[in-house]
Every structure is written in structure tokens, then in C-alpha cells.
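Content type compact mmCIF, C-alpha atoms, from the file entry-v4.txt:
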# COMPACT_ATOMS: atom_id res chain seq x y z
CA MET A 23 0.00 0.00 0.00
CA PRO A 24 1.22 3.56 -0.68
CA ILE A 25 2.31 5.46 2.38
CA LEU A 26 0.76 8.88 2.91
CA PRO A 27 2.12 11.35 5.42
CA PRO A 28 0.44 11.22 8.84
CA PHE A 29 -2.70 13.26 9.47
CA ARG A 30 -0.95 16.26 11.00
CA THR A 31 1.52 16.48 8.15
CA LEU A 32 -1.31 16.35 5.62
CA LEU A 33 -3.09 19.20 7.36
CA GLN A 34 0.11 21.17 7.91
CA ARG A 35 0.94 21.07 4.20
CA LEU A 36 -2.60 22.10 3.19
CA VAL A 37 -2.63 25.02 5.64
CA ALA A 38 0.81 26.15 4.45
CA GLU A 39 -0.51 26.74 0.92
CA PRO A 40 -2.41 30.08 0.82
CA SER A 41 -5.65 29.76 -1.17
CA ILE A 42 -7.69 32.81 -0.23
CA SER A 43 -10.66 33.61 -2.43
CA SER A 44 -12.26 37.02 -2.42
CA VAL A 45 -14.34 39.27 -4.63
CA SER A 46 -11.64 41.89 -3.95
CA PRO A 47 -8.82 41.33 -6.46
CA GLU A 48 -6.15 42.49 -4.01
CA TRP A 49 -6.98 39.54 -1.72
CA ASP A 50 -7.82 36.84 -4.25
CA GLN A 51 -5.33 33.99 -4.77
CA PRO A 52 -5.08 30.81 -6.89
CA ASN A 53 -6.00 27.47 -5.34
CA VAL A 54 -3.86 25.41 -7.70
CA ARG A 55 -1.21 24.40 -5.16
CA VAL A 56 -3.82 22.96 -2.80
CA VAL A 57 -5.41 21.08 -5.69
CA ASP A 58 -2.01 19.74 -6.77
CA LEU A 59 -1.33 18.40 -3.27
CA LEU A 60 -4.70 16.64 -3.11
CA GLN A 61 -4.21 15.26 -6.60
CA GLU A 62 -0.78 13.87 -5.69
CA TRP A 63 -2.04 12.15 -2.55
CA LEU A 64 -5.22 10.76 -4.11
CA GLU A 65 -3.35 9.39 -7.11
CA ALA A 66 -0.99 7.66 -4.68
CA LEU A 67 -4.08 5.91 -3.28
CA GLY A 68 -5.12 4.73 -6.75
CA PHE A 69 -7.71 7.37 -7.59
CA ARG A 70 -8.21 8.53 -11.17
CA THR A 71 -8.06 12.33 -11.06
CA GLU A 72 -9.29 15.19 -13.21
CA LYS A 73 -7.93 18.67 -12.62
CA LEU A 74 -10.52 20.98 -14.16
CA ALA A 75 -9.71 24.62 -14.92
CA ILE A 76 -12.50 27.09 -14.12
CA PRO A 77 -13.24 29.11 -17.29
CA GLY A 78 -12.46 32.79 -16.89
CA CYS A 79 -10.77 32.27 -13.51
CA PRO A 80 -7.00 31.97 -13.95
CA GLY A 81 -5.33 29.81 -11.33
CA LYS A 82 -8.64 28.32 -10.16
CA PHE A 83 -9.34 24.59 -10.43
CA ASN A 84 -11.74 21.88 -9.35
CA LEU A 85 -10.47 18.37 -8.64
CA VAL A 86 -12.57 15.26 -9.23
CA ALA A 87 -10.90 12.06 -7.96
CA THR A 88 -12.61 8.69 -8.41
CA LEU A 89 -11.89 5.24 -7.02
CA GLY A 90 -14.00 2.40 -8.37
CA ARG A 91 -16.58 2.29 -11.13
CA GLY A 92 -20.28 1.86 -11.66
CA PRO A 93 -23.49 3.71 -10.79
CA GLY A 94 -24.34 5.43 -7.55
CA GLY A 95 -21.49 6.02 -5.19
CA LEU A 96 -20.53 8.49 -2.49
CA VAL A 97 -19.10 11.98 -3.00
CA LEU A 98 -16.96 13.50 -0.25
CA SER A 99 -16.86 17.19 -1.08
CA GLY A 100 -15.07 20.24 0.20
CA HIS A 101 -13.81 23.62 -0.92
CA THR A 102 -10.11 24.37 -1.22
CA ASP A 103 -10.25 28.11 -0.52
CA THR A 104 -10.29 30.12 2.68
CA VAL A 105 -11.45 33.61 3.58
CA PRO A 106 -8.90 36.43 3.93
CA CYS A 107 -7.33 36.93 7.34
CA ASP A 108 -5.77 39.72 9.37
CA GLU A 109 -2.48 38.21 10.55
CA SER A 110 -2.10 40.92 13.21
CA ARG A 111 -5.10 39.47 15.08
CA TRP A 112 -3.65 35.93 15.21
CA HIS A 113 -1.48 34.60 18.05
CA SER A 114 0.46 32.40 15.61
CA ASP A 115 1.23 32.32 11.90
CA PRO A 116 -2.09 31.50 10.15
CA PHE A 117 -0.20 29.51 7.49
CA GLN A 118 1.67 27.35 10.00
CA LEU A 119 -0.17 24.55 11.81
CA THR A 120 0.23 25.22 15.53
CA GLU A 121 -1.02 23.10 18.44
CA ARG A 122 -2.20 24.81 21.62
CA ASP A 123 -4.44 23.39 24.37
CA GLY A 124 -5.68 20.44 22.33
CA ARG A 125 -6.40 22.56 19.26
CA LEU A 126 -4.76 22.71 15.84
CA HIS A 127 -4.65 26.37 14.81
CA GLY A 128 -4.25 27.61 11.25
CA LEU A 129 -6.21 29.25 8.45
CA GLY A 130 -8.54 26.62 7.00
CA THR A 131 -8.11 24.03 9.76
CA CYS A 132 -11.83 24.26 10.47
CA ASP A 133 -13.18 25.75 7.24
CA MET A 134 -12.34 23.42 5.64
CA LYS A 135 -8.94 21.94 4.83
CA GLY A 136 -9.22 19.82 7.95
CA PHE A 137 -11.96 17.79 6.27
CA PHE A 138 -9.67 16.81 3.39
CA ALA A 139 -7.02 15.64 5.87
CA LEU A 140 -9.67 13.55 7.67
CA VAL A 141 -10.84 12.02 4.38
CA LEU A 142 -7.30 11.02 3.45
CA GLU A 143 -6.76 9.57 6.93
CA ALA A 144 -10.01 7.59 6.70
CA ILE A 145 -9.31 6.05 3.27
CA ARG A 146 -5.53 5.56 3.37
CA GLU A 147 -5.96 1.75 3.51
CA LEU A 148 -8.90 1.55 1.09
CA GLU A 149 -8.41 -0.63 -2.00
CA GLU A 150 -10.40 -0.37 -5.22
CA LYS A 151 -11.17 -4.10 -5.24
CA GLN A 152 -13.22 -3.59 -2.05
CA LEU A 153 -15.66 -1.21 -3.75
CA ARG A 154 -19.04 -2.14 -5.15
CA HIS A 155 -19.82 1.52 -5.85
CA PRO A 156 -17.40 4.37 -6.59
CA LEU A 157 -15.96 6.80 -4.09
CA ILE A 158 -15.49 10.35 -5.41
CA VAL A 159 -13.51 13.08 -3.67
CA LEU A 160 -14.50 16.52 -4.94
CA ALA A 161 -12.46 19.64 -4.21
CA THR A 162 -13.94 22.91 -5.45
CA ALA A 163 -12.72 26.47 -5.99
CA ASP A 164 -13.94 29.76 -4.52
CA GLU A 165 -16.80 28.63 -2.28
CA GLU A 166 -16.06 31.58 -0.01
CA SER A 167 -16.59 34.14 -2.78
CA THR A 168 -18.33 33.32 -6.06
CA MET A 169 -18.85 29.54 -5.81
CA CYS A 170 -17.55 29.42 -9.38
CA GLY A 171 -16.18 25.92 -8.86
CA ALA A 172 -19.48 24.28 -7.98
CA ARG A 173 -21.39 26.47 -10.45
CA THR A 174 -19.13 25.28 -13.27
CA LEU A 175 -20.00 21.68 -12.44
CA VAL A 176 -23.71 22.53 -12.55
CA GLU A 177 -23.35 24.34 -15.87
CA ALA A 178 -21.60 21.27 -17.31
CA GLN A 179 -24.22 18.98 -15.69
CA ARG A 180 -21.34 16.89 -14.39
CA ARG A 181 -22.65 13.62 -12.93
CA LEU A 182 -20.67 12.51 -9.91
CA GLY A 183 -22.52 10.20 -7.50
CA ARG A 184 -25.82 9.47 -5.80
CA HIS A 185 -25.01 10.56 -2.24
CA ALA A 186 -22.85 13.45 -1.08
CA VAL A 187 -21.28 14.68 2.14
CA ILE A 188 -19.97 18.24 2.30
CA GLY A 189 -17.48 18.51 5.15
CA GLU A 190 -18.27 22.04 6.32
CA PRO A 191 -17.76 22.52 10.08
CA THR A 192 -20.89 21.24 11.83
CA GLY A 193 -19.37 19.79 14.99
CA LEU A 194 -19.91 16.34 13.43
CA ARG A 195 -23.68 16.83 13.52
CA PRO A 196 -25.55 16.36 10.24
CA VAL A 197 -27.32 19.24 8.52
CA ARG A 198 -29.95 18.63 5.83
CA MET A 199 -31.44 22.12 5.45
CA HIS A 200 -30.09 25.62 5.22
CA LYS A 201 -31.32 29.01 4.18
CA GLY A 202 -30.39 30.59 0.88
CA ILE A 203 -28.70 33.92 0.43
CA ALA A 204 -29.07 36.82 -1.99
CA MET A 205 -27.37 40.19 -1.85
CA GLU A 206 -29.08 42.94 -3.82
CA ALA A 207 -28.17 46.48 -4.74
CA ILE A 208 -30.99 49.04 -5.09
CA ARG A 209 -30.07 52.34 -6.73
CA VAL A 210 -32.33 55.37 -6.87
CA THR A 211 -31.29 58.12 -9.28
CA GLY A 212 -32.75 61.61 -9.31
CA ARG A 213 -31.28 64.96 -10.30
CA ALA A 214 -28.77 66.96 -8.26
CA GLY A 215 -29.25 70.66 -7.63
CA HIS A 216 -28.76 73.51 -5.15
CA SER A 217 -30.45 72.80 -1.83
CA SER A 218 -31.85 76.36 -1.64
CA ASP A 219 -34.58 75.43 -4.12
CA PRO A 220 -36.02 71.87 -4.05
CA ALA A 221 -37.51 72.44 -7.50
CA LEU A 222 -34.01 72.46 -8.99
CA GLY A 223 -33.60 68.70 -8.53
CA ARG A 224 -35.18 65.38 -7.60
CA ASN A 225 -33.90 64.08 -4.27
CA ALA A 226 -32.78 60.45 -4.46
CA LEU A 227 -32.48 60.24 -0.67
CA GLU A 228 -36.16 61.09 -0.28
CA GLY A 229 -36.94 58.37 -2.80
CA MET A 230 -34.78 55.92 -0.85
CA TYR A 231 -36.80 56.78 2.25
CA ARG A 232 -39.86 55.39 0.46
CA VAL A 233 -37.85 52.35 -0.68
CA LEU A 234 -36.70 51.59 2.86
CA GLY A 235 -40.24 51.71 4.17
CA GLU A 236 -41.46 49.39 1.44
CA ILE A 237 -38.67 46.88 2.07
CA LEU A 238 -39.48 46.77 5.78
CA ALA A 239 -43.17 46.26 5.00
CA TRP A 240 -42.26 43.50 2.53
CA ARG A 241 -40.10 41.83 5.17
CA GLU A 242 -43.01 41.76 7.61
CA GLU A 243 -45.24 40.18 4.95
CA LEU A 244 -42.63 37.55 4.08
CA GLN A 245 -42.27 36.61 7.73
CA ARG A 246 -46.03 36.26 8.10
CA ARG A 247 -46.25 34.07 4.99
CA HIS A 248 -43.21 31.84 5.58
CA ARG A 249 -42.10 30.05 8.74
CA ASN A 250 -40.11 26.89 9.44
CA PRO A 251 -39.74 25.99 13.14
CA LEU A 252 -36.77 23.71 12.42
CA PHE A 253 -34.60 26.82 12.02
CA GLU A 254 -33.36 28.75 15.04
CA VAL A 255 -34.48 31.91 13.21
CA ALA A 256 -37.71 30.43 11.91
CA VAL A 257 -38.52 33.14 9.34
CA PRO A 258 -36.79 34.57 6.26
CA THR A 259 -34.69 37.62 7.01
CA VAL A 260 -33.97 40.82 5.10
CA ASN A 261 -31.06 42.91 6.39
CA LEU A 262 -30.42 46.54 5.49
CA GLY A 263 -26.64 46.36 5.30
CA HIS A 264 -25.15 49.38 3.54
CA ILE A 265 -26.32 52.74 2.20
CA HIS A 266 -24.62 55.66 0.53
CA GLY A 267 -26.05 58.73 -1.12
CA GLY A 268 -25.21 62.30 -1.91
CA ASN A 269 -21.98 64.20 -1.35
CA ASN A 270 -22.77 67.45 0.46
CA PRO A 271 -25.46 68.84 2.81
CA ASN A 272 -26.20 71.82 0.57
CA ARG A 273 -26.69 69.74 -2.56
CA ILE A 274 -29.83 67.85 -3.54
CA CYS A 275 -28.90 64.16 -3.55
CA GLY A 276 -28.72 62.92 -7.13
CA GLN A 277 -28.17 59.26 -6.40
CA CYS A 278 -28.49 56.87 -3.46
CA GLU A 279 -27.63 53.16 -3.27
CA LEU A 280 -28.69 50.53 -0.74
CA HIS A 281 -27.34 46.99 -0.30
CA ILE A 282 -29.48 44.34 1.35
CA ASP A 283 -29.08 40.69 2.35
CA ILE A 284 -31.99 38.24 1.92
CA ARG A 285 -32.01 34.82 3.61
CA PRO A 286 -34.93 32.76 2.26
CA LEU A 287 -36.22 29.48 3.67
CA PRO A 288 -36.38 26.26 1.64
CA GLY A 289 -39.21 26.53 -0.86
CA MET A 290 -38.66 30.25 -1.50
CA GLU A 291 -37.18 30.92 -4.96
CA LEU A 292 -34.56 33.64 -5.26
CA GLU A 293 -35.69 34.90 -8.67
CA ALA A 294 -39.30 35.10 -7.58
CA LEU A 295 -38.26 37.13 -4.54
CA ARG A 296 -36.21 39.49 -6.70
CA ARG A 297 -39.13 40.05 -9.08
CA GLU A 298 -41.59 40.62 -6.25
CA LEU A 299 -39.33 43.17 -4.58
CA GLU A 300 -38.64 45.07 -7.79
CA GLN A 301 -42.35 45.28 -8.66
CA ARG A 302 -43.13 46.70 -5.22
CA LEU A 303 -40.34 49.27 -5.37
CA ARG A 304 -41.33 50.44 -8.84
CA MET A 305 -44.86 50.93 -7.61
CA VAL A 306 -43.78 52.97 -4.59
CA LEU A 307 -41.67 55.30 -6.75
CA ARG A 308 -44.21 55.62 -9.56
CA GLY A 309 -44.79 59.24 -10.51
CA SER A 310 -41.81 60.52 -8.51
CA GLY A 311 -39.58 61.18 -11.50
CA LEU A 312 -36.90 59.00 -9.89
CA GLU A 313 -35.22 56.07 -11.64
CA LEU A 314 -34.88 52.67 -9.96
CA GLU A 315 -32.24 50.04 -10.64
CA GLN A 316 -32.10 46.70 -8.82
CA PHE A 317 -29.32 44.18 -9.47
CA PRO A 318 -27.70 41.25 -7.64
CA LEU A 319 -24.30 41.77 -6.04
CA PHE A 320 -23.66 38.06 -6.74
CA ALA A 321 -25.71 35.26 -8.22
CA GLY A 322 -26.99 34.04 -4.87
CA ILE A 323 -27.34 30.59 -3.36
CA PRO A 324 -30.75 28.91 -3.12
CA ALA A 325 -31.92 27.34 0.10
CA MET A 326 -31.21 23.64 0.54
CA GLU A 327 -33.47 20.87 1.73
CA THR A 328 -32.57 17.21 1.50
CA PRO A 329 -35.48 14.96 2.53
CA ALA A 330 -35.34 13.54 6.04
CA THR A 331 -35.94 10.12 4.48
CA ALA A 332 -32.85 10.28 2.23
CA GLU A 333 -30.44 7.39 2.78
CA ILE A 334 -27.48 9.70 3.36
CA VAL A 335 -29.41 11.66 6.01
CA ARG A 336 -30.49 8.51 7.82
CA ALA A 337 -26.96 7.10 7.69
CA ALA A 338 -25.46 10.33 9.04
CA GLU A 339 -27.99 10.44 11.86
CA SER A 340 -27.31 6.82 12.77
CA LEU A 341 -23.52 7.24 12.80
CA THR A 342 -23.49 10.49 14.76
CA GLY A 343 -26.41 9.89 17.11
CA HIS A 344 -27.86 13.30 16.21
CA GLN A 345 -30.95 14.29 14.24
CA ALA A 346 -30.18 16.31 11.12
CA GLN A 347 -30.38 20.04 11.73
CA ALA A 348 -31.31 23.22 9.88
CA VAL A 349 -28.84 26.15 9.81
CA ALA A 350 -28.80 29.74 8.62
CA TYR A 351 -25.51 29.74 6.68
CA ALA A 352 -25.22 28.67 3.04
CA THR A 353 -23.11 25.95 1.38
CA GLU A 354 -22.57 24.30 -2.00
CA GLY A 355 -25.24 21.77 -1.01
CA PRO A 356 -28.05 23.02 -3.29
CA LEU A 357 -25.65 23.00 -6.24
CA LEU A 358 -24.72 19.36 -5.60
CA ASN A 359 -28.39 18.50 -5.18
CA ALA A 360 -28.99 20.13 -8.57
CA LEU A 361 -26.62 17.51 -10.02
CA GLY A 362 -28.90 14.70 -8.87
CA MET A 363 -27.29 13.97 -5.51
CA GLU A 364 -28.80 13.83 -2.05
CA THR A 365 -26.54 15.91 0.15
CA VAL A 366 -25.86 16.20 3.84
CA ILE A 367 -23.53 18.73 5.46
CA LEU A 368 -21.30 17.02 8.03
CA GLY A 369 -17.78 17.85 9.08
CA PRO A 370 -15.36 18.48 11.95
CA GLY A 371 -14.99 21.81 13.71
CA SER A 372 -17.49 24.48 14.69
CA ILE A 373 -19.00 27.15 12.47
CA GLU A 374 -18.25 29.52 15.35
CA GLN A 375 -14.54 29.10 14.56
CA ALA A 376 -14.91 29.65 10.81
CA HIS A 377 -13.71 33.05 9.54
CA GLN A 378 -12.24 33.91 12.96
CA PRO A 379 -8.72 34.84 14.10
CA ASP A 380 -6.92 31.82 15.59
CA GLU A 381 -9.24 29.46 13.68
CA PHE A 382 -8.79 25.93 14.99
CA LEU A 383 -9.77 22.28 14.71
CA SER A 384 -10.17 20.59 18.07
CA LEU A 385 -8.15 17.38 18.35
CA ASP A 386 -11.13 15.60 19.92
CA GLN A 387 -12.90 15.86 16.53
CA VAL A 388 -10.22 13.96 14.61
CA ASP A 389 -10.83 10.35 15.63
CA PRO A 390 -14.66 10.56 15.62
CA GLY A 391 -14.59 12.39 12.27
CA THR A 392 -12.31 9.77 10.74
CA ARG A 393 -14.55 6.98 12.01
CA ILE A 394 -17.71 8.58 10.58
CA ILE A 395 -16.12 9.05 7.14
CA ARG A 396 -14.83 5.48 7.16
CA GLU A 397 -18.27 4.13 8.06
CA LEU A 398 -19.99 6.22 5.37
CA VAL A 399 -17.58 4.86 2.76
CA LYS A 400 -18.26 1.32 3.99
CA ARG A 401 -22.03 1.80 3.86
CA PHE A 402 -22.30 3.50 0.45
CA CYS A 403 -19.30 2.11 -1.45
CA ILE A 404 -18.44 -1.33 -0.02
CA GLU A 405 -21.69 -2.81 1.19
CA ASP A 406 -24.27 -3.74 -1.45
Can you turn what I pasted into C-alpha cells?
Amino acid sequence: MPILPPFRTLLQRLVAEPSISSVSPEWDQPNVRVVDLLQEWLEALGFRTEKLAIPGCPGKFNLVATLGRGPGGLVLSGHTDTVPCDESRWHSDPFQLTERDGRLHGLGTCDMKGFFALVLEAIRELEEKQLRHPLIVLATADEESTMCGARTLVEAQRRLGRHAVIGEPTGLRPVRMHKGIAMEAIRVTGRAGHSSDPALGRNALEGMYRVLGEILAWREELQRRHRNPLFEVAVPTVNLGHIHGGNNPNRICGQCELHIDIRPLPGMELEALRRELEQRLRMVLRGSGLELEQFPLFAGIPAMETPATAEIVRAAESLTGHQAQAVAYATEGPLLNALGMETVILGPGSIEQAHQPDEFLSLDQVDPGTRIIRELVKRFCIED
């Protein structure tokens, strides 16, 4: 059998390769070196690998690694990128794996390079001849920014497997539902002029006042119409996040822009929400002489719901001893489901540690996480 480095060395080498993704070009980095490491290790274990360039995204790649053949199969999926970090707020080098108080610190240890190290640890002795159904390891690009890696797979309608586990940090408790996310820009344009005479212009800030009131009324209606008690925040949310307008107190504001965040529940379609909001805002500004523009700040992620009866959900619940949960954050889960898989979110670490200074993976998650992955592979790839 090929000999892989021990778990800590695997994780240390992954953490040491910066792979930040960001919508800000000054922060954004390639993920190719992380993909190359995973490809090297998985090929050593006998996997057939495909390193797939993301069109229009230089230095960005997906990796699809397959062991075994046939229909069905299990996909173990994770993203290779991390969020940016402020090194001055860390107590150790974020790109050097550091152990303190039973925790492995480093950027990506929790979210989510640690999952790849656990997968490799769990399957290091696996042989292809044992498999009745294929095992696929999927590593994607830019989940933390554009999700271009998973979106490219959906656009290509790439068939991978029947069941999927995304190793986002859930404290090793399965998640089968999460809210979606949309971020919208709303721009009101009027006409600037001298503030001494309101007739000289059309005030975009006054128009935005109407827009804000309508959005808050719409939010109340959405929360009356939609509720799911499985979520800690049981209703859809609409957050007023950023606003900017005008440039001087003695000048009529010619333009004002608002950015909002929408978190819909499963069953609420993003495009339908966008259309409904735009229709309402156009109505409230009708006859004002003001122009309205509404556009997404990114494509958005739909809400995810995998049925409670799905085999992968039941297996995850059985192995962890926990009922599958619903969470507010978004993942690549709905994109994998769109490829014909049934997906559960299940991985080591806590979401409370993700995107934080001194991010860490607790050592007490390593052995249980490895066991769960090994048992999932046995159930969906080895047993008939």
C-alpha cells in the first residue's frame, strides 16, 4: 500500500498553501497548489483524477478524484479556498499549523482543509477491489466568494454520484437544510441641484426613504407568509446592510444606493423574490420622476433541503447519534443536489470558529470524524 504522510503532516501542508478567495482582487489567490497536493495524494491511493480549470478564472481549479466504477457512489466534497485573514489578530502564523491546548490552529483548519485531511486519513488503507460503488472526492474552488467551482460543475451537468457529504464545520452533527442567500443592490437616481430650491432637482435620498419603508413592509409580509420551526431563526430575514447617497449637505442628492441581504427558507425561490421586490419598489416610486435600478451583487445561493428520508441523512444520523439540523448559513449543497445527488452537510470543527482569528480544529474531533467518514464509505461504497 502507498504510504501517505500522517494526518498532521497532511493538514500542515494544506494550511501552508495560501488559497484565499475574495471578490476583492487584491486579496484573491489561486487554489492550484492545494489542488495539486490533493491530486498527488489521491493518485498515490489509486484514484483517477481530473484537474478541471475554471473558465475565466486563472489559477482556479476543481479536482474530481474517483476510485471504483459503476453507478451510484458516495461523494466526499469540500472547498479548497479560505477567507482572507488579518495576521495581526492571530497569536500564531495563520499559514503554519500550531497546536495549543488540544487545538490545531491555522487558516482553514476548520473551514475546511481539515476535512480533506480527515478524508485522506479515513481512506488511506482503502483498496479499489473492495468497492461495489465508486468513491469520489470533490475539491472545489472559490466557495467563499463566487462559488464558481461548484457552479461550473452545474453548468456542465457533471454527474458525480448518488449521495454526497460536504465537510463544512458542523461539529460532526448532520445538517440537511439551510437558508439561501441573496445580496441585492438598489439604486435610486434623481437629479442633483442647489439645496436652496427643491424644484431644482429630484432628491434620491427622499426616494430611498420610500424604498426603505417598502422593504421593511415587505419583510413583515414575508415573515407572516413563511415560517419553518426547524430553524433557530424560523422566518426569512432581510437585512439593510449598507447605504450611501449624496456628497454634500447643501446639494440635492442625485443618487443613493442601498445593499441588502436576503435569507430565504427552503421553498422560496430567489428569482421570484427578486421580481416581487422590484415590482413593489417600482410601484412605490411611480410618478416621482426617480429612476430605480435593482441588481444582484452576486448570483446568490438557493436554500437547501434534503429529505429527512434520504439514505445519506439517515446514515449520518445513525452514525453520529444526532438528528439532522437546519442552519442559517449557506453551502454548495443546493448546487450538488442540482446535479442529482442527495446531500448532507457534516464535518469536523465548529461554524463559530470559521472566519475567525486563531481558527482551529479541536483534536477531539479527529478520531470521531475519521470513524464517521470510514463508516460512510463502507455503507455506500463497499456494502451492497
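Between His185 (chain A) and the candidates A:Leu89, A:Cys403, A:Leu341, A:Val37, the tightest atom-to-atom separation, counting all atoms listed in the file, involves A:Cys403.
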From the list A:Gly212, A:Gly202, A:Pro370, A:Pro286, the nearest residue to Gly100 (chain A) using only C-alpha atoms is A:Pro370
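Excluding Leu160 (chain A) itself and any same-chain residue fewer than 4 positions from it, the protein and nucleic acid residues within 6 Å of it, counting all atoms listed in the file, are Leu85, Val86 and Ser99 of chain A.
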Just the residues within 9 Å of Arg232 (chain A), please, counting only C-alpha atoms, with nothing from its chain fewer than 6 positions along; format it as a PyMOL selection string.
chain A and resi 303+306-307
7 Å contact set for Met363 (chain A), all atoms listed in the file, chain neighbours under 2 positions out, as a list in words:
Gly183, Arg184, His185, Ala186, Leu358, Asn359, Leu361 and Thr365 of chain A
Generate the output file for the selected residues, C-alpha atoms, as an mmCIF file, in the frame of the given file.
data_model
loop_
_atom_site.group_PDB
_atom_site.id
_atom_site.type_symbol
_atom_site.label_atom_id
_atom_site.label_comp_id
_atom_site.auth_asym_id
_atom_site.auth_seq_id
_atom_site.Cartn_x
_atom_site.Cartn_y
_atom_site.Cartn_z
ATOM 1 C CA GLY A 183 -22.520 10.200 -7.500
ATOM 2 C CA ARG A 184 -25.820 9.470 -5.800
ATOM 3 C CA HIS A 185 -25.010 10.560 -2.240
ATOM 4 C CA ALA A 186 -22.850 13.450 -1.080
ATOM 5 C CA LEU A 358 -24.720 19.360 -5.600
ATOM 6 C CA ASN A 359 -28.390 18.500 -5.180
ATOM 7 C CA LEU A 361 -26.620 17.510 -10.020
ATOM 8 C CA THR A 365 -26.540 15.910 0.150
#
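We find CA of Glu206 (chain A) and CA of Gln301 (chain A) to be spaced 14.3 Å apart.
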Box dimensions and centre (Å, one decimal) enclosing region 160-174 of chain A, axis-aligned, 8 Å extra per side, as lines of an AutoDock Vina configuration file:
center_x = -16.9
center_y = 25.3
center_z = -6.6
size_x = 24.9
size_y = 33.6
size_z = 29.3
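Counting only C-alpha atoms, the residue from A:Leu280, A:Leu64, A:Leu299, A:Leu262 that sits nearest to Glu143 (chain A) is A:Leu64.
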Minimum-distance residue to Pro356 (chain A), chosen among A:Met169, A:Gln387, A:Asp103, A:Met305 (using all atoms listed in the file):
A:Met169
For region 292-294 of chain A, list every protein, DNA or RNA residue within 9 Å, evaluated using only C-alpha atoms, and leave out those in the same chain fewer than 6 positions away; present the list as a VMD selection string.
chain A and resid 202 to 204 284 286 322 to 325
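For Val349 (chain A), the set of protein, DNA and RNA residues having any atom at most 7 Å away, when counting all atoms listed in the file and skipping those fewer than 5 positions along the same chain, is Met199, His200, Lys201 and Phe253 of chain A.
Atom pair CA of His266 (chain A) / CA of Ala321 (chain A) has a distance of 22.2 Å (rounded to one decimal).
Picture a line from CA of His377 (chain A) to CA of Ala139 (chain A); it runs 19.0 Å.
Between Ile158 (chain A) and the residues A:Glu72, A:Glu228, A:Asp115, A:Glu243, the shortest atom-to-atom distance, using only C-alpha atoms, involves A:Glu72.
Nearest residue to Pro52 (chain A) among A:Glu177, A:Glu109, A:Asp164, A:Glu374 is A:Asp164, counting all atoms listed in the file.
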